[in-house]
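Asks: What follows is work29.cif, mmCIF, C-alpha atoms and all ligand atoms.
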data_coords
loop_
_atom_site.label_atom_id
_atom_site.label_comp_id
_atom_site.auth_asym_id
_atom_site.auth_seq_id
_atom_site.Cartn_x
_atom_site.Cartn_y
_atom_site.Cartn_z
CA MET L 8 26.87 -5.63 12.29
CA LYS L 9 30.43 -6.02 13.63
CA ARG L 10 32.82 -8.02 11.44
CA VAL L 11 35.07 -10.23 13.57
CA VAL L 12 38.23 -12.21 12.79
CA ILE L 13 39.29 -14.90 15.27
CA LEU L 14 42.94 -15.98 15.35
CA GLY L 15 43.24 -19.29 17.21
CA SER L 16 39.57 -20.11 16.64
CA THR L 17 39.77 -23.79 17.64
CA GLY L 18 41.40 -23.09 21.02
CA SER L 19 39.99 -22.25 24.42
CA ILE L 20 39.75 -18.47 23.84
CA GLY L 21 38.80 -18.89 20.17
CA THR L 22 35.80 -21.15 20.83
CA GLN L 23 34.62 -18.86 23.64
CA ALA L 24 34.99 -15.82 21.36
CA LEU L 25 32.81 -17.59 18.80
CA GLU L 26 30.24 -18.21 21.52
CA VAL L 27 30.17 -14.46 22.20
CA CYS L 28 29.73 -13.84 18.43
CA ARG L 29 26.72 -16.21 18.54
CA TRP L 30 25.22 -14.25 21.46
CA ARG L 31 25.75 -10.91 19.73
CA GLY L 32 24.94 -12.04 16.18
CA TYR L 33 28.31 -10.73 14.92
CA ARG L 34 29.52 -11.62 11.41
CA VAL L 35 32.62 -13.86 11.65
CA VAL L 36 34.61 -13.03 8.50
CA GLY L 37 37.89 -14.84 9.20
CA LEU L 38 39.18 -17.80 11.19
CA ALA L 39 42.79 -18.86 11.81
CA ALA L 40 43.51 -22.26 13.32
CA GLY L 41 46.19 -24.92 13.41
CA ARG L 42 45.55 -28.65 13.06
CA ASN L 43 42.13 -29.32 14.60
CA LEU L 44 40.30 -30.29 11.41
CA ASP L 45 36.98 -31.41 12.89
CA ARG L 46 36.48 -28.35 15.05
CA LEU L 47 37.56 -25.96 12.31
CA ALA L 48 35.28 -27.60 9.74
CA ALA L 49 32.31 -27.30 12.13
CA GLN L 50 33.13 -23.61 12.66
CA ILE L 51 33.32 -22.95 8.91
CA GLN L 52 29.99 -24.74 8.43
CA GLU L 53 28.32 -22.64 11.12
CA PHE L 54 29.86 -19.18 10.58
CA ASN L 55 30.56 -19.20 6.84
CA PRO L 56 33.73 -17.03 7.01
CA GLN L 57 35.29 -15.46 3.91
CA ILE L 58 38.90 -16.47 4.69
CA VAL L 59 40.39 -19.29 6.78
CA SER L 60 43.96 -20.31 7.60
CA ALA L 61 45.07 -23.71 8.84
CA HIS L 62 48.05 -26.04 8.82
CA PRO L 63 48.99 -26.89 5.20
CA GLU L 64 48.10 -30.58 5.73
CA LEU L 65 44.45 -29.64 6.31
CA LEU L 66 44.05 -27.45 3.25
CA PRO L 67 43.26 -30.01 0.50
CA GLU L 68 40.34 -31.47 2.47
CA LEU L 69 39.04 -28.06 3.57
CA ARG L 70 39.18 -26.72 0.00
CA ALA L 71 37.24 -29.74 -1.24
CA ARG L 72 34.57 -29.39 1.45
CA PHE L 73 34.17 -25.58 1.31
CA PRO L 74 34.87 -24.43 -2.26
CA ARG L 75 33.58 -20.86 -1.70
CA VAL L 76 35.95 -20.07 1.15
CA THR L 77 39.46 -18.64 0.57
CA PHE L 78 42.05 -20.83 2.32
CA THR L 79 45.67 -20.07 3.19
CA ASP L 80 48.35 -21.45 5.48
CA GLN L 81 49.23 -17.89 6.64
CA ALA L 82 47.37 -16.60 9.71
CA GLU L 83 48.70 -13.12 8.82
CA GLU L 84 46.49 -13.06 5.71
CA VAL L 85 43.43 -13.74 7.84
CA ALA L 86 44.54 -11.09 10.35
CA ALA L 87 44.81 -8.54 7.53
CA HIS L 88 41.31 -9.25 6.18
CA PRO L 89 38.95 -6.23 6.50
CA ALA L 90 37.23 -6.42 9.89
CA ASP L 91 36.19 -4.30 12.87
CA VAL L 92 37.69 -6.50 15.59
CA VAL L 93 40.45 -9.09 15.49
CA VAL L 94 40.62 -11.50 18.43
CA SER L 95 44.28 -12.47 18.81
CA ALA L 96 44.43 -15.88 20.51
CA ILE L 97 47.20 -17.89 18.87
CA PRO L 98 49.51 -18.65 21.80
CA GLY L 99 53.20 -17.86 22.11
CA LEU L 100 55.37 -15.98 19.65
CA ALA L 101 53.52 -17.77 16.81
CA GLY L 102 50.79 -15.22 17.58
CA LEU L 103 53.05 -12.20 17.12
CA ALA L 104 53.15 -11.88 13.31
CA PRO L 105 49.35 -12.23 12.92
CA THR L 106 48.86 -9.76 15.79
CA ARG L 107 51.16 -7.28 14.05
CA ALA L 108 49.30 -7.79 10.76
CA ALA L 109 46.01 -6.99 12.53
CA ALA L 110 47.53 -3.95 14.29
CA ARG L 111 48.58 -2.57 10.89
CA GLN L 112 44.94 -2.60 9.74
CA GLY L 113 43.94 0.00 12.34
CA VAL L 114 41.30 -2.34 13.78
CA ARG L 115 40.33 -3.05 17.36
CA LEU L 116 42.70 -5.70 18.59
CA ALA L 117 41.07 -7.88 21.26
CA LEU L 118 44.33 -9.19 22.65
CA ALA L 119 44.51 -12.56 24.41
CA ASN L 120 48.01 -13.40 23.17
CA LYS L 121 49.88 -11.89 26.12
CA GLU L 122 53.24 -13.07 24.74
CA SER L 123 53.04 -10.46 21.94
CA MET L 124 52.70 -7.63 24.46
CA VAL L 125 55.39 -9.08 26.71
CA ALA L 126 57.94 -9.50 23.91
CA ALA L 127 57.11 -6.58 21.66
CA GLY L 128 54.82 -4.16 23.53
CA PRO L 129 56.38 -0.87 22.33
CA LEU L 130 56.64 -2.17 18.74
CA LEU L 131 52.99 -3.23 18.74
CA TRP L 132 51.82 0.07 20.22
CA ALA L 133 53.74 1.94 17.51
CA GLU L 134 51.91 -0.07 14.81
CA VAL L 135 48.51 0.37 16.48
CA GLU L 136 48.96 4.12 16.92
CA ALA L 137 50.32 4.65 13.39
CA ALA L 138 47.29 2.84 11.94
CA GLY L 139 44.74 4.51 14.28
CA GLY L 140 43.62 1.26 15.92
CA GLU L 141 43.17 0.29 19.57
CA ILE L 142 43.98 -2.58 21.91
CA LEU L 143 41.37 -4.06 24.24
CA PRO L 144 42.71 -6.69 26.64
CA VAL L 145 41.05 -10.11 26.81
CA ASP L 146 43.02 -11.54 29.73
CA SER L 147 40.53 -11.30 32.61
CA GLU L 148 42.89 -9.42 34.95
CA HIS L 149 43.83 -6.88 32.27
CA SER L 150 40.25 -6.47 31.17
CA ALA L 151 39.41 -5.76 34.81
CA LEU L 152 42.23 -3.21 35.06
CA PHE L 153 41.10 -1.59 31.81
CA GLN L 154 37.55 -1.33 33.16
CA SER L 155 38.78 0.22 36.44
CA LEU L 156 40.80 2.75 34.47
CA VAL L 157 37.99 3.93 32.18
CA GLY L 158 37.60 7.68 32.86
CA GLU L 159 40.74 7.82 35.05
CA ARG L 160 44.11 9.45 34.38
CA LEU L 161 47.10 7.07 34.35
CA GLU L 162 49.16 9.61 36.32
CA ASP L 163 46.66 9.22 39.19
CA VAL L 164 47.39 5.49 39.50
CA HIS L 165 49.53 4.48 42.46
CA GLU L 166 49.58 0.74 41.72
CA LEU L 167 47.93 -1.98 39.69
CA ILE L 168 47.25 -5.22 41.56
CA LEU L 169 46.71 -8.44 39.64
CA THR L 170 45.04 -11.25 41.51
CA ALA L 171 45.99 -14.90 41.08
CA SER L 172 43.92 -17.89 42.13
CA GLY L 173 47.19 -19.59 43.13
CA GLY L 174 46.81 -22.55 40.76
CA PRO L 175 46.42 -26.24 41.66
CA PHE L 176 49.41 -26.32 44.09
CA ARG L 177 48.56 -23.32 46.23
CA GLU L 178 48.02 -25.49 49.30
CA GLY L 179 50.46 -28.32 48.51
CA PRO L 180 52.31 -30.48 47.99
CA GLU L 181 55.17 -28.66 49.72
CA ASP L 182 57.68 -30.51 47.51
CA LEU L 183 56.72 -29.68 43.93
CA SER L 184 59.38 -31.89 42.31
CA ARG L 185 56.97 -34.87 42.19
CA VAL L 186 54.15 -33.02 40.49
CA THR L 187 53.03 -34.75 37.26
CA PRO L 188 51.69 -33.14 34.06
CA GLU L 189 48.24 -34.59 34.85
CA MET L 190 48.24 -32.92 38.28
CA ALA L 191 49.45 -29.62 36.83
CA LEU L 192 46.90 -29.67 33.99
CA ALA L 193 43.97 -29.98 36.42
CA HIS L 194 43.45 -26.26 37.11
CA PRO L 195 40.78 -25.74 39.78
CA ARG L 196 39.22 -22.59 38.27
CA TRP L 197 39.89 -22.17 34.57
CA ASN L 198 39.70 -24.49 31.57
CA MET L 199 42.54 -23.28 29.32
CA GLY L 200 45.09 -24.49 26.76
CA PRO L 201 47.97 -26.65 28.11
CA LYS L 202 50.76 -24.01 28.01
CA VAL L 203 48.81 -21.36 29.92
CA THR L 204 47.55 -24.02 32.39
CA ILE L 205 51.10 -25.12 33.29
CA ASP L 206 52.10 -21.45 33.48
CA SER L 207 49.27 -20.97 35.99
CA ALA L 208 50.64 -23.82 38.09
CA THR L 209 54.18 -22.34 38.17
CA LEU L 210 52.81 -18.76 38.51
CA MET L 211 54.76 -17.86 35.35
CA ASN L 212 51.38 -16.96 33.88
CA LYS L 213 51.03 -14.27 36.53
CA GLY L 214 54.60 -13.16 35.83
CA LEU L 215 53.81 -12.81 32.12
CA GLU L 216 50.64 -10.94 33.08
CA VAL L 217 52.70 -8.49 35.16
CA LEU L 218 54.93 -7.82 32.14
CA GLU L 219 51.85 -7.59 29.92
CA ALA L 220 50.29 -5.00 32.27
CA VAL L 221 53.50 -2.93 32.22
CA GLN L 222 53.38 -2.77 28.41
CA LEU L 223 49.63 -2.52 28.01
CA PHE L 224 49.06 0.29 30.51
CA ARG L 225 52.56 1.76 30.18
CA VAL L 226 53.22 1.86 33.92
CA PRO L 227 56.56 1.17 35.68
CA LEU L 228 57.16 -2.44 36.78
CA GLU L 229 57.39 -1.47 40.46
CA ARG L 230 53.78 -0.23 40.29
CA VAL L 231 52.42 -3.67 39.36
CA ARG L 232 51.88 -6.17 42.18
CA VAL L 233 50.39 -9.65 42.56
CA LEU L 234 48.14 -10.91 45.34
CA ILE L 235 46.86 -14.46 45.72
CA HIS L 236 43.06 -14.47 45.88
CA PRO L 237 41.84 -18.10 45.84
CA GLN L 238 38.16 -17.25 45.32
CA ALA L 239 39.01 -15.53 42.00
CA TYR L 240 36.06 -13.15 42.38
CA VAL L 241 38.16 -9.99 42.20
CA HIS L 242 40.13 -9.98 38.96
CA SER L 243 42.24 -6.93 39.75
CA LEU L 244 42.50 -3.82 41.88
CA VAL L 245 43.71 -0.32 41.11
CA ARG L 246 44.98 1.87 43.95
CA PHE L 247 44.98 5.58 43.15
CA VAL L 248 47.32 8.24 44.58
CA ASP L 249 44.62 9.43 46.99
CA GLY L 250 44.40 5.93 48.52
CA GLN L 251 41.07 4.96 46.93
CA LEU L 252 40.86 1.45 45.51
CA LYS L 253 38.77 0.22 42.61
CA ALA L 254 38.13 -3.51 42.28
CA GLN L 255 36.53 -5.40 39.42
CA LEU L 256 34.54 -8.46 40.42
CA GLY L 257 32.93 -10.90 38.08
CA PRO L 258 32.13 -14.54 37.34
CA THR L 259 35.14 -16.75 36.57
CA ASP L 260 34.26 -17.02 32.90
CA MET L 261 36.46 -15.83 30.02
CA ARG L 262 33.42 -15.10 27.86
CA LEU L 263 32.81 -11.99 29.95
CA PRO L 264 36.13 -10.19 29.26
CA ILE L 265 35.98 -11.42 25.64
CA GLN L 266 32.52 -9.91 25.26
CA TYR L 267 33.65 -6.63 26.83
CA ALA L 268 36.58 -6.42 24.38
CA LEU L 269 34.14 -6.90 21.50
CA THR L 270 31.33 -4.58 22.67
CA TYR L 271 33.27 -1.76 24.46
CA PRO L 272 32.23 0.96 25.23
CA GLU L 273 28.86 -0.77 25.43
CA ARG L 274 28.00 -3.54 27.87
CA ALA L 275 25.73 -6.30 26.70
CA PRO L 276 23.51 -8.77 28.56
CA ASN L 277 24.46 -12.44 28.32
CA PRO L 278 23.28 -15.81 29.62
CA LEU L 279 26.00 -16.15 32.30
CA ALA L 280 24.94 -16.68 35.91
CA ALA L 281 25.41 -13.65 38.18
CA LEU L 282 28.19 -13.73 40.75
CA PRO L 283 26.89 -14.79 44.19
CA LEU L 284 27.92 -12.09 46.64
CA GLU L 285 27.97 -14.04 49.90
CA ALA L 286 31.57 -15.11 50.15
CA ARG L 287 34.68 -14.74 52.26
CA LEU L 288 37.41 -13.14 50.18
CA GLU L 289 41.09 -13.65 50.98
CA PHE L 290 44.10 -11.76 49.64
CA TYR L 291 47.72 -12.55 50.51
CA PRO L 292 51.18 -12.27 48.93
CA PRO L 293 52.45 -15.13 46.74
CA ASP L 294 55.02 -17.62 48.05
CA THR L 295 57.92 -16.90 45.71
CA THR L 296 60.10 -19.58 47.35
CA ARG L 297 57.78 -22.33 46.13
CA PHE L 298 56.93 -20.43 42.94
CA PRO L 299 60.16 -18.72 41.82
CA ALA L 300 58.85 -18.21 38.27
CA LEU L 301 57.05 -15.04 39.37
CA GLU L 302 60.32 -13.53 40.61
CA LEU L 303 61.99 -14.48 37.32
CA ALA L 304 59.38 -12.49 35.44
CA TYR L 305 60.10 -9.45 37.63
CA ALA L 306 63.83 -9.99 37.03
CA ALA L 307 63.22 -10.05 33.25
CA GLY L 308 61.12 -6.89 33.56
CA ARG L 309 63.94 -5.12 35.42
CA MET L 310 66.50 -6.28 32.82
CA GLY L 311 64.22 -4.94 30.07
CA GLY L 312 65.23 -5.14 26.41
CA LEU L 313 64.95 -8.68 25.09
CA ALA L 314 64.78 -10.33 28.53
CA PRO L 315 60.95 -10.71 28.50
CA THR L 316 61.19 -12.38 25.06
CA VAL L 317 63.87 -14.73 26.37
CA LEU L 318 61.84 -15.48 29.50
CA ASN L 319 58.81 -16.40 27.44
CA ALA L 320 60.71 -18.54 24.92
CA ALA L 321 62.64 -20.45 27.59
CA ASP L 322 59.37 -20.99 29.45
CA GLU L 323 57.67 -22.42 26.34
CA VAL L 324 60.49 -24.93 25.81
CA ALA L 325 60.65 -25.88 29.49
CA VAL L 326 56.86 -26.33 29.70
CA GLU L 327 56.88 -28.55 26.60
CA ALA L 328 59.66 -30.68 28.12
CA PHE L 329 57.70 -30.98 31.37
CA LEU L 330 54.53 -31.99 29.52
CA ALA L 331 56.53 -34.60 27.59
CA GLY L 332 57.74 -36.05 30.91
CA ARG L 333 61.36 -35.06 30.22
CA ILE L 334 61.95 -32.76 33.19
CA PRO L 335 60.38 -32.40 36.65
CA PHE L 336 58.09 -29.46 37.41
CA THR L 337 60.72 -27.70 39.54
CA ARG L 338 63.22 -27.60 36.68
CA ILE L 339 60.97 -25.26 34.67
CA PRO L 340 62.08 -22.13 36.58
CA GLU L 341 65.67 -23.41 36.84
CA ILE L 342 65.98 -23.64 33.08
CA ILE L 343 64.39 -20.24 32.53
CA SER L 344 66.77 -18.69 35.06
CA ARG L 345 69.86 -20.12 33.32
CA VAL L 346 68.74 -18.90 29.91
CA LEU L 347 67.80 -15.47 31.24
CA GLU L 348 71.33 -14.96 32.63
CA ASP L 349 72.76 -14.99 29.09
CA THR L 350 70.12 -12.70 27.51
CA PRO L 351 71.58 -10.95 24.43
CA ARG L 352 71.98 -7.20 24.92
CA GLU L 353 70.44 -5.62 21.83
CA PRO L 354 67.78 -3.01 21.20
CA VAL L 355 64.24 -4.36 20.74
CA THR L 356 63.29 -4.52 17.04
CA TRP L 357 60.98 -6.94 15.21
CA GLU L 358 64.10 -8.77 13.96
CA SER L 359 65.88 -8.91 17.33
CA VAL L 360 62.71 -10.21 19.05
CA TYR L 361 62.56 -13.19 16.66
CA ARG L 362 66.34 -13.69 16.89
CA ALA L 363 66.26 -13.65 20.71
CA ASP L 364 63.28 -16.03 20.69
CA ARG L 365 65.16 -18.54 18.49
CA TRP L 366 68.35 -18.18 20.53
CA ALA L 367 66.51 -18.68 23.86
CA ARG L 368 64.75 -21.80 22.57
CA GLU L 369 68.07 -23.37 21.52
CA ARG L 370 69.72 -22.38 24.80
CA ALA L 371 66.80 -23.80 26.81
CA LYS L 372 67.02 -27.09 24.88
CA GLU L 373 70.75 -27.27 25.71
CA CYS L 374 69.94 -26.72 29.39
CA ILE L 375 67.42 -29.59 29.29
N1 LIG L 401 42.54 -19.90 27.79
C1 LIG L 401 42.41 -18.88 28.60
O1 LIG L 401 41.54 -18.86 29.48
C2 LIG L 401 43.33 -17.69 28.45
C3 LIG L 401 43.17 -16.61 29.33
C4 LIG L 401 43.94 -15.48 29.13
C5 LIG L 401 44.87 -15.43 28.10
N2 LIG L 401 45.02 -16.51 27.29
C6 LIG L 401 46.01 -16.41 26.21
O2 LIG L 401 45.31 -16.61 24.97
C7 LIG L 401 46.14 -17.27 24.04
C8 LIG L 401 45.41 -18.52 23.57
O3 LIG L 401 45.28 -19.41 24.67
P1 LIG L 401 44.32 -20.70 24.60
O4 LIG L 401 44.23 -21.20 25.99
O5 LIG L 401 43.08 -20.36 23.85
O6 LIG L 401 45.23 -21.68 23.72
P2 LIG L 401 44.79 -23.08 23.05
O7 LIG L 401 43.55 -23.59 23.67
O8 LIG L 401 46.01 -23.93 23.08
O9 LIG L 401 44.43 -22.68 21.53
C9 LIG L 401 45.40 -22.24 20.63
C10 LIG L 401 44.77 -21.91 19.30
O10 LIG L 401 45.78 -21.39 18.41
C11 LIG L 401 45.92 -22.29 17.29
N3 LIG L 401 47.34 -22.36 16.99
C12 LIG L 401 48.35 -22.82 17.79
N4 LIG L 401 49.54 -22.67 17.17
C13 LIG L 401 49.27 -22.12 15.95
C14 LIG L 401 50.09 -21.73 14.87
N5 LIG L 401 51.43 -21.88 14.89
N6 LIG L 401 49.48 -21.17 13.78
C15 LIG L 401 48.13 -21.01 13.74
N7 LIG L 401 47.31 -21.37 14.76
C16 LIG L 401 47.88 -21.92 15.85
C17 LIG L 401 45.35 -23.60 17.75
O11 LIG L 401 44.94 -24.36 16.62
P3 LIG L 401 44.65 -25.96 16.64
O12 LIG L 401 44.09 -26.29 17.97
O13 LIG L 401 43.66 -26.10 15.51
O14 LIG L 401 45.95 -26.64 16.34
C18 LIG L 401 44.17 -23.10 18.58
O15 LIG L 401 43.15 -22.64 17.73
C19 LIG L 401 47.47 -17.53 24.78
O16 LIG L 401 48.37 -16.52 24.45
C20 LIG L 401 47.09 -17.47 26.24
O17 LIG L 401 48.17 -17.06 27.07
C21 LIG L 401 44.27 -17.63 27.43
#
Kindly present the structure from the file in structure tokens form.
Ligand SMILES: NC(=O)c1ccc[n+]([C@@H]2O[C@H](COP(=O)([O-])OP(=O)(O)OC[C@H]3O[C@@H](n4cnc5c(N)ncnc54)[C@H](OP(=O)(O)O)[C@@H]3O)[C@@H](O)[C@H]2O)c1
Replies:
Amino acid sequence: MKRVVILGSTGSIGTQALEVCRWRGYRVVGLAAGRNLDRLAAQIQEFNPQIVSAHPELLPELRARFPRVTFTDQAEEVAAHPADVVVSAIPGLAGLAPTRAAARQGVRLALANKESMVAAGPLLWAEVEAAGGEILPVDSEHSALFQSLVGERLEDVHELILTASGGPFREGPEDLSRVTPEMALAHPRWNMGPKVTIDSATLMNKGLEVLEAVQLFRVPLERVRVLIHPQAYVHSLVRFVDGQLKAQLGPTDMRLPIQYALTYPERAPNPLAALPLEARLEFYPPDTTRFPALELAYAAGRMGGLAPTVLNAADEVAVEAFLAGRIPFTRIPEIISRVLEDTPREPVTWESVYRADRWARERAKECI
């Protein structure tokens, strides 16, 4: 029976990963969460893990209620617990250290935390390869690309195309400066955590996914493209050098790519409804005038070095400020752009990634 650790277990990806573990009857040996006491306690009750991390404020009550479980406030300790698969779904750079700890165990890393790949892709790959592990993407577009690439040679790939539903403002309003957090949080297709939902509305999520694809599949930036596809049936396309295209279609449900990352190379049945095939499918280029965040991600990719880390950190601060009602929606890309201009020029190391992250957060706060 597969032993699974879930980092970010109380979040959107974490709870869906646990659902997949229920379907498959996998043994959940470790959980890492933040502050959601009720949900975490229910998960411990149901899955009986060996080790659990949570915010220090939660620990006294958890220890009293579950005396047989080992508790810690360090997600890295949970990530390093013996397991077959670690689902990495703590968002932002907070997810990087636990992801690295899992990579060092030589396990299968089911990676949802795209920010780790964006900021520290080559460093993570070095850890994974040194320890003999593997990375399976959880993001639906990257899972779809991975599936299209099974049995193919990377040198035969002409381009990778990520599709985007276009978010809640695809068709309007034309003037995005009056968009409220409530409007931006109401994503038409996916039910996700707040940061990734706002990123979907600005298209920064797609920009981060482009940078993630570059690192994950080790292809040049100019070979990764985005197309808006409102129906969200096709999660990605791969065009090969001979002109043939492979598309991956599937239901709009994250449990599917999560399950694939856990069961690969096997496929497993599940209770999800099949995709209805009678549909009109549209594909068209994104409007980067209304959604400049996507262009900023390409700019960061071209700058290389620490620029993707800076992009991500500035975005996190700007999104938080928007959600708190402190800046309008349209200032999110403006702030990121200003911070990106001053990106420190240093080689990418674990230390410089954290330093650049801290610097970019401070700089973004100044810009706000
Ligand atoms: N949601 C999706 O459909 C989706 C799709 C593709 C990729 N992703 C990526 O997957 C990751 C997770 O996204 P999500 O939507 O699941 O986020 P989410 O719903 O906000 O959940 C975040 C989880 O991480 C925990 N957490 C947050 N900060 C933490 C910290 N400092 N230390 C320990 N635990 C912490 C939270 O704990 P508490 O809630 O207990 O505080 C929660 O369990 C992100 O990187 C996102 O970009 C998400």
Asks: What do you get as a ChimeraX atom specification if you pick all residues at most 8 Å from ligand LIG 401 (chain L), counting all atoms listed in the file?
Replies: /L:14-22,39-44,46-47,60-62,81-82,95-99,101-102,118-122,145-147,197-204,212,261
Asks: Tell me which of L:Pro56, L:Gly128, L:Gly113, L:Gly308 sits closest to L:Pro227, counting all atoms listed in the file.
Replies: L:Gly308
Asks: So that I can check the surroundings of L:Val27, please list as a PyMOL selection string every protein, DNA and RNA residue that reaches within 9 Å of it, counting all atoms listed in the file and ignoring chain neighbours fewer than 2 positions away.
Replies: chain L and resi 22-25+29-33+262-263+265-266+269+277
Asks: Which one is closest to L:Ala268: L:Arg246, L:Arg107, L:Arg115, L:Arg177? Count all atoms listed in the file.
Replies: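 Nearest to L:Ala268: L:Arg115.
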Asks: Extract, using all atoms listed in the file, all DNA, RNA and protein residues at most 8 Å from L:Ala304, discarding same-chain residues fewer than 6 positions from it, and format them as a list in words.
Replies: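 Near neighbours after the sequence-gap exclusion: Met211, Gly214, Leu215, Val217, Leu218, Pro315 and Leu318 of chain L.
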Asks: Which one is closest to L:Val76: L:Val326, L:Ala48, L:Val11, L:Val157? Count all atoms listed in the file.
Replies: L:Ala48
Asks: Would you mind listing what lies within 6 Å of stretch 335-351 of chain L as a PyMOL selection string, with all atoms listed in the file counted and same-chain residues fewer than 3 positions away left out?
Replies: chain L and resi 184+300+314+321-322+325
Asks: Identify which of the residues L:Gly37, L:Pro258, L:Gly332, L:Pro129 lies closest to L:Ala109, counting all atoms listed in the file when measuring atom-to-atom distances.
Replies: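 Using all atoms listed in the file, L:Ala109 sits closest to L:Gly37.
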Asks: Under the rule that all atoms listed in the file are counted, which of L:Asp260, L:Glu289, L:Asp80, L:Asp182 is the nearest residue to L:Thr170?
Replies: L:Glu289
Asks: So the first atom is atom CA of L:Gly257 and the second is atom CA of L:Tyr305; what is the distance between them in Å, to one decimal place?
Replies: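 Those two atoms sit 27.2 Å apart.
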Asks: Pick out the closest residue to L:Phe224 from this set: L:Arg34, L:Ala367, L:Ser155, L:Glu64. Count all atoms listed in the file.
Replies: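 Of L:Arg34, L:Ala367, L:Ser155, L:Glu64, the one nearest L:Phe224, counting all atoms listed in the file, is L:Ser155.
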Asks: Is it possible to get the residues within 12 Å of (62.2, -9.3, 16.9) (coordinates as in the file, counting all atoms listed in the file) written as a ChimeraX atom specification?
Replies: /L:100,103-104,107,123,125-131,312-317,353-366
Asks: Mind giving me the straight-line distance from atom CA of L:Asp249 to atom CA of L:Gly158 in Å, one decimal?
Replies: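 Rounded to one decimal, the two atoms are 15.9 Å apart.
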Asks: Can you pull out the residues contacting L:Val241? Cut-off 12 Å, using only C-alpha atoms, and skip same-chain residues under 2 positions away; I want them as an NGL selection string.
Replies: :L and (147-152 or 155 or 168-172 or 234-239 or 243-245 or 253-259 or 282 or 284 or 286-290)
